[in-house]
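**Student:** I'd like to ask some things about the structure below.
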Amino acid sequence: MSSCNGNCANCSSSDCGDRKKESLLAALNPKSSVKKVIAVVSGKGGVGKSTVSAMLAVAMARRGKRVGILDADITGPSVPTAFGVTECQGAGEDGLYPALTRTGMQVMSINLLLDNPGDPVVWRGPVIAGAVKQFWTDVVWEDVDYLFVDMPPGTGDVPLTVFQSLPVDGIVIVTSPQDLVSMIVSKAVKMANMMKIPVLGFVENYAYLSCPDCGKKISVFGKSHLDEIASQLNLPVLARLPIDPAVAEAFDNGQMETVLTDSLNDVVMAIENQE
């Protein structure tokens, strides 16, 4: 039977043992070249995941790598804003060509395809997931060393589609220092484990605020519990990022390629060392 539903307990087929498991990976556009895919995820919204995605892309580009960013957050796309891009390079017989940032990074987002970027995307889950998949199959990614996928929060249709359809090499989980993080982080890690995708480690955003007068680190959101959680999950905390008005301003003004990214050096090294 060709209509296998994956439920082996109720399977009566005699030749099931001779079959090979079908891959759900989508075919990359024939004109594309992508060496590594890194997903940046968060269990909940509002933790600055898109900011971290943009900073990681900038940091990797500064190391001489060719970088692409796939904005998989269809209903809340913000990557084009971060880099000040408004339209794709165009479309041809080979597919759709992504936008280019000032330094040559490639960006694909639903906001680049809308007549009015301010219009809401009122689509059901399967349609949204299908659009993200098309960003892999229909977009021409040119000689990309690292493709960063800015994921929507949670463990719904789009994350599942990305993990099943794209050859994700590793995941970076973005968190914030709040008690709720414990449960949320565990969910994100468990989903990655279920999909057999390695988690490279955590980035704690909004970890502290540096006093502009004395330099003291102020824990605005309270004491962090990430070290305890990371220890329980046997995963490293790769970076702790402060609340930085300069980064927020750069994001809003499309100037993310000007921000300092030294605080993410350990994350970049973990990505580069991922086999």
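In the structure tokens, chains take the letters A, B, ... in the order shown, each chain's residues start at 1, and ligands count up from 1 in the order shown.
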Name the residues in contact with A:Gln232 at a cut-off of 12 Å, using only C-alpha atoms, excluding same-chain residues fewer than 6 positions from it; report them as a PyMOL selection string.
**Tutor:** chain A and resi 182+185-186+189+225-226
**Student:** I'd like a table as a tab-separated table: residues in stretch 88-177 of chain A with an atom no more than 7 Å from stretch 204-211 of chain A, each row giving the shortest atom pair and its distance in Å to one decimal, only C-alpha atoms counted, sorted by chain and rising residue number.
**Tutor:**
```
residue	atom	partner	partner_atom	distance
A:Val174	CA	A:Glu204	CA	5.9
A:Thr175	CA	A:Glu204	CA	4.8
A:Ser176	CA	A:Asn205	CA	5.2
A:Pro177	CA	A:Ala207	CA	6.0
```
**Student:** List every residue of stretch 61-140 of chain A that has an atom at most 12 Å from any atom of stretch 244-254 of chain A, giving for each one its closest atom pair and the distance in Å to one decimal, counting only C-alpha atoms, sorted by chain and then by ascending residue number, as JSON lines.
**Tutor:**
```
{"residue": "A:Ser78", "atom": "CA", "partner": "A:Phe251", "partner_atom": "CA", "distance": 9.0}
{"residue": "A:Val79", "atom": "CA", "partner": "A:Phe251", "partner_atom": "CA", "distance": 8.8}
{"residue": "A:Pro80", "atom": "CA", "partner": "A:Gly254", "partner_atom": "CA", "distance": 7.7}
{"residue": "A:Thr81", "atom": "CA", "partner": "A:Gly254", "partner_atom": "CA", "distance": 5.4}
{"residue": "A:Ala82", "atom": "CA", "partner": "A:Gly254", "partner_atom": "CA", "distance": 4.4}
{"residue": "A:Phe83", "atom": "CA", "partner": "A:Gly254", "partner_atom": "CA", "distance": 4.2}
{"residue": "A:Gly84", "atom": "CA", "partner": "A:Gly254", "partner_atom": "CA", "distance": 3.9}
{"residue": "A:Val85", "atom": "CA", "partner": "A:Gly254", "partner_atom": "CA", "distance": 7.6}
{"residue": "A:Thr86", "atom": "CA", "partner": "A:Gly254", "partner_atom": "CA", "distance": 10.3}
{"residue": "A:Thr101", "atom": "CA", "partner": "A:Gly254", "partner_atom": "CA", "distance": 9.6}
{"residue": "A:Arg102", "atom": "CA", "partner": "A:Gly254", "partner_atom": "CA", "distance": 10.0}
```
**Student:** Could you give me the residues within stretch 105-201 of chain A that DSSP places in strand (DSSP E), as a PDB file with N, CA, C and O atoms, in the first residue's frame?
**Tutor:**
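Done, and the output landed in states_28.pdb:
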```
ATOM      1  N   GLN A 106      21.477  37.904   1.652  1.00  0.00           N
ATOM      2  CA  GLN A 106      20.237  37.609   0.944  1.00  0.00           C
ATOM      3  C   GLN A 106      19.087  37.433   1.950  1.00  0.00           C
ATOM      4  O   GLN A 106      19.252  36.730   2.951  1.00  0.00           O
ATOM      5  N   VAL A 107      17.953  38.058   1.655  1.00  0.00           N
ATOM      6  CA  VAL A 107      16.813  38.045   2.578  1.00  0.00           C
ATOM      7  C   VAL A 107      15.543  37.680   1.826  1.00  0.00           C
ATOM      8  O   VAL A 107      15.265  38.220   0.749  1.00  0.00           O
ATOM      9  N   MET A 108      14.775  36.746   2.411  1.00  0.00           N
ATOM     10  CA  MET A 108      13.464  36.417   1.856  1.00  0.00           C
ATOM     11  C   MET A 108      12.427  36.479   2.964  1.00  0.00           C
ATOM     12  O   MET A 108      12.600  35.882   4.025  1.00  0.00           O
ATOM     13  N   VAL A 144      25.099  30.282  -0.765  1.00  0.00           N
ATOM     14  CA  VAL A 144      24.956  30.625   0.655  1.00  0.00           C
ATOM     15  C   VAL A 144      25.726  29.624   1.513  1.00  0.00           C
ATOM     16  O   VAL A 144      25.524  28.419   1.406  1.00  0.00           O
ATOM     17  N   ASP A 145      26.612  30.141   2.355  1.00  0.00           N
ATOM     18  CA  ASP A 145      27.328  29.282   3.302  1.00  0.00           C
ATOM     19  C   ASP A 145      26.439  28.954   4.501  1.00  0.00           C
ATOM     20  O   ASP A 145      26.414  27.809   4.965  1.00  0.00           O
ATOM     21  N   TYR A 146      25.732  29.969   5.011  1.00  0.00           N
ATOM     22  CA  TYR A 146      24.862  29.784   6.167  1.00  0.00           C
ATOM     23  C   TYR A 146      23.525  30.472   5.911  1.00  0.00           C
ATOM     24  O   TYR A 146      23.471  31.676   5.676  1.00  0.00           O
ATOM     25  N   LEU A 147      22.462  29.678   5.960  1.00  0.00           N
ATOM     26  CA  LEU A 147      21.106  30.214   5.855  1.00  0.00           C
ATOM     27  C   LEU A 147      20.478  30.196   7.242  1.00  0.00           C
ATOM     28  O   LEU A 147      20.265  29.128   7.825  1.00  0.00           O
ATOM     29  N   PHE A 148      20.192  31.375   7.777  1.00  0.00           N
ATOM     30  CA  PHE A 148      19.547  31.478   9.083  1.00  0.00           C
ATOM     31  C   PHE A 148      18.037  31.555   8.882  1.00  0.00           C
ATOM     32  O   PHE A 148      17.559  32.358   8.082  1.00  0.00           O
ATOM     33  N   VAL A 149      17.309  30.711   9.597  1.00  0.00           N
ATOM     34  CA  VAL A 149      15.852  30.697   9.507  1.00  0.00           C
ATOM     35  C   VAL A 149      15.296  31.329  10.780  1.00  0.00           C
ATOM     36  O   VAL A 149      15.442  30.774  11.878  1.00  0.00           O
ATOM     37  N   ASP A 150      14.693  32.504  10.617  1.00  0.00           N
ATOM     38  CA  ASP A 150      14.072  33.192  11.750  1.00  0.00           C
ATOM     39  C   ASP A 150      12.679  32.601  11.933  1.00  0.00           C
ATOM     40  O   ASP A 150      11.759  32.876  11.164  1.00  0.00           O
ATOM     41  N   GLY A 170      21.297  22.708  12.748  1.00  0.00           N
ATOM     42  CA  GLY A 170      21.373  23.009  14.171  1.00  0.00           C
ATOM     43  C   GLY A 170      20.375  24.089  14.560  1.00  0.00           C
ATOM     44  O   GLY A 170      19.867  24.824  13.707  1.00  0.00           O
ATOM     45  N   ILE A 171      20.103  24.154  15.861  1.00  0.00           N
ATOM     46  CA  ILE A 171      19.122  25.100  16.394  1.00  0.00           C
ATOM     47  C   ILE A 171      19.764  25.936  17.494  1.00  0.00           C
ATOM     48  O   ILE A 171      20.473  25.410  18.354  1.00  0.00           O
ATOM     49  N   VAL A 172      19.503  27.232  17.455  1.00  0.00           N
ATOM     50  CA  VAL A 172      19.871  28.134  18.544  1.00  0.00           C
ATOM     51  C   VAL A 172      18.573  28.593  19.195  1.00  0.00           C
ATOM     52  O   VAL A 172      17.666  29.078  18.510  1.00  0.00           O
ATOM     53  N   ILE A 173      18.464  28.416  20.504  1.00  0.00           N
ATOM     54  CA  ILE A 173      17.236  28.781  21.225  1.00  0.00           C
ATOM     55  C   ILE A 173      17.441  30.100  21.958  1.00  0.00           C
ATOM     56  O   ILE A 173      18.385  30.244  22.742  1.00  0.00           O
ATOM     57  N   VAL A 174      16.552  31.059  21.689  1.00  0.00           N
ATOM     58  CA  VAL A 174      16.610  32.368  22.329  1.00  0.00           C
ATOM     59  C   VAL A 174      15.613  32.398  23.483  1.00  0.00           C
ATOM     60  O   VAL A 174      14.454  32.000  23.330  1.00  0.00           O
ATOM     61  N   THR A 175      16.075  32.859  24.636  1.00  0.00           N
ATOM     62  CA  THR A 175      15.232  32.911  25.836  1.00  0.00           C
ATOM     63  C   THR A 175      15.346  34.286  26.491  1.00  0.00           C
ATOM     64  O   THR A 175      16.130  35.130  26.064  1.00  0.00           O
ATOM     65  N   VAL A 199      20.512  20.745  19.159  1.00  0.00           N
ATOM     66  CA  VAL A 199      20.412  22.079  19.745  1.00  0.00           C
ATOM     67  C   VAL A 199      21.824  22.531  20.098  1.00  0.00           C
ATOM     68  O   VAL A 199      22.514  21.883  20.885  1.00  0.00           O
ATOM     69  N   LEU A 200      22.262  23.642  19.523  1.00  0.00           N
ATOM     70  CA  LEU A 200      23.624  24.112  19.741  1.00  0.00           C
ATOM     71  C   LEU A 200      23.783  24.794  21.093  1.00  0.00           C
ATOM     72  O   LEU A 200      24.860  24.760  21.686  1.00  0.00           O
ATOM     73  N   GLY A 201      22.708  25.408  21.570  1.00  0.00           N
ATOM     74  CA  GLY A 201      22.789  26.067  22.870  1.00  0.00           C
ATOM     75  C   GLY A 201      21.794  27.202  22.969  1.00  0.00           C
ATOM     76  O   GLY A 201      20.936  27.392  22.091  1.00  0.00           O
TER      77      GLY A 201
END
```
**Student:** Please report, as a ChimeraX atom specification, each residue of stretch 17-245 of chain A to which DSSP assigns helix (DSSP H, G or I) when run on this structure's backbone.
**Tutor:** /A:17-18,49-62,79-83,110-112,125-137,157-165,181-194,226-233,245
**Student:** Only C-alpha atoms, please: the residues just picked out, written as a PDB file, in the first residue's frame.
**Tutor:**
```pdb
ATOM      1  CA  GLY A  17       9.661  -4.452   6.150  1.00  0.00           C
ATOM      2  CA  ASP A  18      11.062  -4.086   2.655  1.00  0.00           C
ATOM      3  CA  LYS A  49      14.505  36.220  18.422  1.00  0.00           C
ATOM      4  CA  SER A  50      14.492  38.246  15.185  1.00  0.00           C
ATOM      5  CA  THR A  51      17.096  40.604  16.631  1.00  0.00           C
ATOM      6  CA  VAL A  52      19.331  37.657  17.520  1.00  0.00           C
ATOM      7  CA  SER A  53      18.784  36.136  14.062  1.00  0.00           C
ATOM      8  CA  ALA A  54      19.818  39.392  12.409  1.00  0.00           C
ATOM      9  CA  MET A  55      22.865  39.797  14.652  1.00  0.00           C
ATOM     10  CA  LEU A  56      24.009  36.226  14.003  1.00  0.00           C
ATOM     11  CA  ALA A  57      23.706  36.781  10.258  1.00  0.00           C
ATOM     12  CA  VAL A  58      25.747  39.993  10.499  1.00  0.00           C
ATOM     13  CA  ALA A  59      28.381  38.310  12.685  1.00  0.00           C
ATOM     14  CA  MET A  60      28.769  35.441  10.240  1.00  0.00           C
ATOM     15  CA  ALA A  61      28.964  37.788   7.249  1.00  0.00           C
ATOM     16  CA  ARG A  62      31.763  39.697   8.976  1.00  0.00           C
ATOM     17  CA  VAL A  79      13.670  40.857   9.071  1.00  0.00           C
ATOM     18  CA  PRO A  80      13.203  43.256   6.102  1.00  0.00           C
ATOM     19  CA  THR A  81      12.770  46.125   8.562  1.00  0.00           C
ATOM     20  CA  ALA A  82      15.996  45.187  10.332  1.00  0.00           C
ATOM     21  CA  PHE A  83      17.998  45.519   7.118  1.00  0.00           C
ATOM     22  CA  ILE A 110       6.573  37.568   3.007  1.00  0.00           C
ATOM     23  CA  ASN A 111       6.727  41.344   3.522  1.00  0.00           C
ATOM     24  CA  LEU A 112       8.828  41.606   0.368  1.00  0.00           C
ATOM     25  CA  GLY A 125      -1.704  27.276   9.334  1.00  0.00           C
ATOM     26  CA  PRO A 126      -1.227  24.920   6.367  1.00  0.00           C
ATOM     27  CA  VAL A 127      -1.094  27.859   3.917  1.00  0.00           C
ATOM     28  CA  ILE A 128       1.474  29.656   6.068  1.00  0.00           C
ATOM     29  CA  ALA A 129       3.556  26.492   6.329  1.00  0.00           C
ATOM     30  CA  GLY A 130       3.341  26.045   2.562  1.00  0.00           C
ATOM     31  CA  ALA A 131       4.622  29.575   1.978  1.00  0.00           C
ATOM     32  CA  VAL A 132       7.651  28.921   4.170  1.00  0.00           C
ATOM     33  CA  LYS A 133       8.363  25.718   2.261  1.00  0.00           C
ATOM     34  CA  GLN A 134       8.241  27.684  -1.002  1.00  0.00           C
ATOM     35  CA  PHE A 135      10.886  30.033   0.351  1.00  0.00           C
ATOM     36  CA  TRP A 136      13.135  26.967   0.184  1.00  0.00           C
ATOM     37  CA  THR A 137      11.942  25.390  -3.062  1.00  0.00           C
ATOM     38  CA  ASP A 157       2.721  24.234  11.973  1.00  0.00           C
ATOM     39  CA  VAL A 158       5.612  26.374  10.717  1.00  0.00           C
ATOM     40  CA  PRO A 159       8.332  24.996  13.027  1.00  0.00           C
ATOM     41  CA  LEU A 160       7.170  21.481  12.199  1.00  0.00           C
ATOM     42  CA  THR A 161       7.269  22.250   8.469  1.00  0.00           C
ATOM     43  CA  VAL A 162      10.749  23.747   8.700  1.00  0.00           C
ATOM     44  CA  PHE A 163      12.139  20.858  10.735  1.00  0.00           C
ATOM     45  CA  GLN A 164      10.639  18.281   8.378  1.00  0.00           C
ATOM     46  CA  SER A 165      11.144  20.021   5.039  1.00  0.00           C
ATOM     47  CA  VAL A 181      11.272  30.165  30.575  1.00  0.00           C
ATOM     48  CA  SER A 182      11.811  26.811  32.286  1.00  0.00           C
ATOM     49  CA  MET A 183       8.701  25.192  30.827  1.00  0.00           C
ATOM     50  CA  ILE A 184       8.928  26.984  27.473  1.00  0.00           C
ATOM     51  CA  VAL A 185      12.572  26.100  26.896  1.00  0.00           C
ATOM     52  CA  SER A 186      11.941  22.459  27.721  1.00  0.00           C
ATOM     53  CA  LYS A 187       9.188  22.322  25.091  1.00  0.00           C
ATOM     54  CA  ALA A 188      11.466  23.765  22.401  1.00  0.00           C
ATOM     55  CA  VAL A 189      14.299  21.354  23.256  1.00  0.00           C
ATOM     56  CA  LYS A 190      11.963  18.359  23.320  1.00  0.00           C
ATOM     57  CA  MET A 191      10.592  19.243  19.894  1.00  0.00           C
ATOM     58  CA  ALA A 192      14.125  19.485  18.503  1.00  0.00           C
ATOM     59  CA  ASN A 193      14.962  16.109  20.022  1.00  0.00           C
ATOM     60  CA  MET A 194      11.819  14.575  18.530  1.00  0.00           C
ATOM     61  CA  LEU A 226      18.763  29.576  32.634  1.00  0.00           C
ATOM     62  CA  ASP A 227      21.981  28.060  33.992  1.00  0.00           C
ATOM     63  CA  GLU A 228      19.984  25.551  36.049  1.00  0.00           C
ATOM     64  CA  ILE A 229      17.771  24.641  33.094  1.00  0.00           C
ATOM     65  CA  ALA A 230      20.716  24.384  30.715  1.00  0.00           C
ATOM     66  CA  SER A 231      22.512  22.092  33.169  1.00  0.00           C
ATOM     67  CA  GLN A 232      19.464  19.824  33.426  1.00  0.00           C
ATOM     68  CA  LEU A 233      19.242  19.646  29.626  1.00  0.00           C
ATOM     69  CA  PRO A 245      18.605  50.822  23.080  1.00  0.00           C
TER      70      PRO A 245
END
```
**Student:** List the spatial neighbours of A:Gly95 as number ranges by chain - criterion: any atom at most 12 Å away, only C-alpha atoms, same-chain residues fewer than 3 positions off excluded.
**Tutor:** A: 28-32, 88-92, 98, 134-142
**Student:** For the selection you just gave me, I'd like the residues written to a file as an mmCIF file, in the first residue's frame, keeping C-alpha atoms.
**Tutor:**
```cif
data_model
loop_
_atom_site.group_PDB
_atom_site.id
_atom_site.type_symbol
_atom_site.label_atom_id
_atom_site.label_comp_id
_atom_site.auth_asym_id
_atom_site.auth_seq_id
_atom_site.Cartn_x
_atom_site.Cartn_y
_atom_site.Cartn_z
ATOM 1 C CA LEU A 28 16.075 22.866 -2.849
ATOM 2 C CA ASN A 29 15.669 25.065 -5.904
ATOM 3 C CA PRO A 30 17.976 23.582 -8.589
ATOM 4 C CA LYS A 31 19.690 26.958 -9.022
ATOM 5 C CA SER A 32 20.314 27.345 -5.297
ATOM 6 C CA CYS A 88 13.149 41.251 -3.985
ATOM 7 C CA GLN A 89 15.565 41.335 -6.904
ATOM 8 C CA GLY A 90 12.828 39.962 -9.135
ATOM 9 C CA ALA A 91 11.622 36.673 -10.543
ATOM 10 C CA GLY A 92 12.578 34.612 -13.553
ATOM 11 C CA PRO A 98 15.746 37.365 -2.657
ATOM 12 C CA GLN A 134 8.241 27.684 -1.002
ATOM 13 C CA PHE A 135 10.886 30.033 0.351
ATOM 14 C CA TRP A 136 13.135 26.967 0.184
ATOM 15 C CA THR A 137 11.942 25.390 -3.062
ATOM 16 C CA ASP A 138 11.154 28.462 -5.195
ATOM 17 C CA VAL A 139 13.728 31.034 -4.073
ATOM 18 C CA VAL A 140 17.165 31.125 -5.687
ATOM 19 C CA TRP A 141 19.687 31.237 -2.851
ATOM 20 C CA GLU A 142 23.036 32.008 -4.466
#
```
**Student:** Please report the interatomic distance between atom CA of A:Ala270 and atom CA of A:Ile38 in Å with one decimal.
**Tutor:**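 Spanning atom CA of A:Ala270 to atom CA of A:Ile38 is a straight-line distance of 11.0 Å.
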**Student:** Would you work out the distance separating atom CA of A:Ser219 from atom CA of A:Leu260, expressed in Å to one decimal?
**Tutor:**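 Between atom CA of A:Ser219 and atom CA of A:Leu260 the gap works out to 21.5 Å.
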**Student:** Can you tell me which residues surround A:Gln178 at a distance of at most 8 Å, considering only C-alpha atoms, apart from same-chain residues fewer than 5 positions away, and format the answer as a count of residues only?
**Tutor:** 5
